[in-house]
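Only one structure is covered here, and it is reproduced in the block below.
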Amino acid sequence: MTKRHQRTATQPDDAQILGGKAVVPLPDDPPRPPRENTKQAAMLALLRRPGGASLLQLMEATGWQRHSVRAALALMRSRRGIEIVSDTIEGVRIYRLTAHSGAP
């Protein structure tokens with residue numbers, strides 16, 4: 001049996017290294033708006049509609065599987081601070097942005 005190599009506290013994480021230099025995110029930077037013609041922008045356009053969008057509609061717009069769409073929704077909520085609510089209407093879950101969502 002072999003031992004796994006463990007990182008020491010002095011070794012930077014691979015995700016923090018870019019071009020040999022450690023990258024430190026600036027905490028006061030506002031979130032950037034999504035680029036145009038991306039899958040995330042397509043999702044936001046569907047979520048902005050008054051009726052919102054079903055999971056199936058979001059899957060068709062992005063070409064992603066169910067779990068990937070749900071993960072993207074979760075990341076929009078947590079990392080971008082976008083408020084997304086879901087309701088079940090006639091047995092179908094509908095996702096939409098709240099009126100005061102911080103979505104660009």
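Residues in the structure tokens are named by chain (A, B, ... in the order shown) and by number from 1 within that chain; ligands are numbered from 1 in the order shown.
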Residue neighbourhood Arg70 (chain A), 12 Å, only C-alpha atoms, exclusion window fewer than 3 positions, as a PDB file with N, CA and C atoms, in the first residue's frame:
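result38.pdb, freshly written:
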ATOM      1  N   MET A  43     -29.926  31.087 -19.980  1.00  0.00           N
ATOM      2  CA  MET A  43     -30.689  30.696 -18.794  1.00  0.00           C
ATOM      3  C   MET A  43     -31.295  31.918 -18.120  1.00  0.00           C
ATOM      4  N   SER A  54     -39.212  26.145 -16.997  1.00  0.00           N
ATOM      5  CA  SER A  54     -39.170  24.818 -16.381  1.00  0.00           C
ATOM      6  C   SER A  54     -37.771  24.239 -16.545  1.00  0.00           C
ATOM      7  N   LEU A  55     -37.496  23.190 -15.825  1.00  0.00           N
ATOM      8  CA  LEU A  55     -36.209  22.523 -15.923  1.00  0.00           C
ATOM      9  C   LEU A  55     -35.996  22.015 -17.348  1.00  0.00           C
ATOM     10  N   LEU A  56     -37.043  21.486 -17.960  1.00  0.00           N
ATOM     11  CA  LEU A  56     -36.949  20.975 -19.331  1.00  0.00           C
ATOM     12  C   LEU A  56     -36.601  22.104 -20.309  1.00  0.00           C
ATOM     13  N   LEU A  58     -34.965  24.858 -19.622  1.00  0.00           N
ATOM     14  CA  LEU A  58     -33.569  25.228 -19.373  1.00  0.00           C
ATOM     15  C   LEU A  58     -32.618  24.184 -19.954  1.00  0.00           C
ATOM     16  N   MET A  59     -32.999  22.915 -19.873  1.00  0.00           N
ATOM     17  CA  MET A  59     -32.187  21.842 -20.446  1.00  0.00           C
ATOM     18  C   MET A  59     -32.104  21.975 -21.965  1.00  0.00           C
ATOM     19  N   THR A  62     -29.822  24.990 -23.049  1.00  0.00           N
ATOM     20  CA  THR A  62     -28.387  24.844 -22.819  1.00  0.00           C
ATOM     21  C   THR A  62     -27.798  23.571 -23.417  1.00  0.00           C
ATOM     22  N   TRP A  64     -27.759  20.908 -21.683  1.00  0.00           N
ATOM     23  CA  TRP A  64     -27.211  20.236 -20.512  1.00  0.00           C
ATOM     24  C   TRP A  64     -28.181  19.200 -19.972  1.00  0.00           C
ATOM     25  N   GLN A  65     -27.650  18.325 -19.144  1.00  0.00           N
ATOM     26  CA  GLN A  65     -28.483  17.356 -18.444  1.00  0.00           C
ATOM     27  C   GLN A  65     -29.083  18.012 -17.202  1.00  0.00           C
ATOM     28  N   ARG A  66     -30.078  17.326 -16.652  1.00  0.00           N
ATOM     29  CA  ARG A  66     -30.835  17.838 -15.499  1.00  0.00           C
ATOM     30  C   ARG A  66     -29.926  18.283 -14.353  1.00  0.00           C
ATOM     31  N   HIS A  67     -28.975  17.447 -13.978  1.00  0.00           N
ATOM     32  CA  HIS A  67     -28.127  17.773 -12.829  1.00  0.00           C
ATOM     33  C   HIS A  67     -27.221  18.975 -13.125  1.00  0.00           C
ATOM     34  N   LEU A  73     -27.925  26.636 -11.587  1.00  0.00           N
ATOM     35  CA  LEU A  73     -28.848  27.455 -10.796  1.00  0.00           C
ATOM     36  C   LEU A  73     -28.280  27.687  -9.393  1.00  0.00           C
ATOM     37  N   ALA A  74     -27.728  26.647  -8.810  1.00  0.00           N
ATOM     38  CA  ALA A  74     -27.149  26.767  -7.467  1.00  0.00           C
ATOM     39  C   ALA A  74     -25.956  27.718  -7.462  1.00  0.00           C
ATOM     40  N   LEU A  75     -25.128  27.660  -8.504  1.00  0.00           N
ATOM     41  CA  LEU A  75     -23.968  28.555  -8.584  1.00  0.00           C
ATOM     42  C   LEU A  75     -24.401  30.000  -8.806  1.00  0.00           C
ATOM     43  N   MET A  76     -25.456  30.196  -9.580  1.00  0.00           N
ATOM     44  CA  MET A  76     -25.965  31.561  -9.766  1.00  0.00           C
ATOM     45  C   MET A  76     -26.440  32.132  -8.437  1.00  0.00           C
ATOM     46  N   ARG A  77     -27.060  31.282  -7.639  1.00  0.00           N
ATOM     47  CA  ARG A  77     -27.547  31.732  -6.323  1.00  0.00           C
ATOM     48  C   ARG A  77     -26.397  32.054  -5.392  1.00  0.00           C
ATOM     49  N   ILE A  84     -33.224  33.303  -7.114  1.00  0.00           N
ATOM     50  CA  ILE A  84     -34.062  32.469  -7.969  1.00  0.00           C
ATOM     51  C   ILE A  84     -35.049  31.753  -7.067  1.00  0.00           C
ATOM     52  N   SER A  86     -38.495  29.009  -6.932  1.00  0.00           N
ATOM     53  CA  SER A  86     -39.142  27.944  -7.700  1.00  0.00           C
ATOM     54  C   SER A  86     -40.519  27.665  -7.112  1.00  0.00           C
ATOM     55  N   ARG A  93     -42.160  22.000 -11.924  1.00  0.00           N
ATOM     56  CA  ARG A  93     -41.409  23.006 -11.176  1.00  0.00           C
ATOM     57  C   ARG A  93     -40.965  24.101 -12.126  1.00  0.00           C
ATOM     58  N   TYR A  95     -38.850  27.754 -12.419  1.00  0.00           N
ATOM     59  CA  TYR A  95     -37.827  28.615 -11.813  1.00  0.00           C
ATOM     60  C   TYR A  95     -37.965  30.001 -12.419  1.00  0.00           C
TER      61      TYR A  95
END
Residues at most 10 Å from Pro50 (chain A), counting only C-alpha atoms, excluding those fewer than 6 positions away in the same chain, as number ranges by chain?
A: 96-99
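Here the question is which of A:Gly51, A:Ala45, A:Val69, A:Glu60 gets nearest to Asp87 (chain A) using only C-alpha atoms, and that residue is A:Gly51.
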Nearest to Ala53 (chain A) among A:Thr38, A:Thr88, A:Ser68, A:Ser78, with distances taken over only C-alpha atoms: which residue is it?
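Of the candidates, the smallest distance to Ala53 (chain A) is held by A:Thr88.
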Coordinates-based distance that separates CA of Arg80 (chain A) from CA of Arg35 (chain A) (Å, one decimal):
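Answer for the CA of Arg35 (chain A) to CA of Arg80 (chain A) separation: 13.7 Å.
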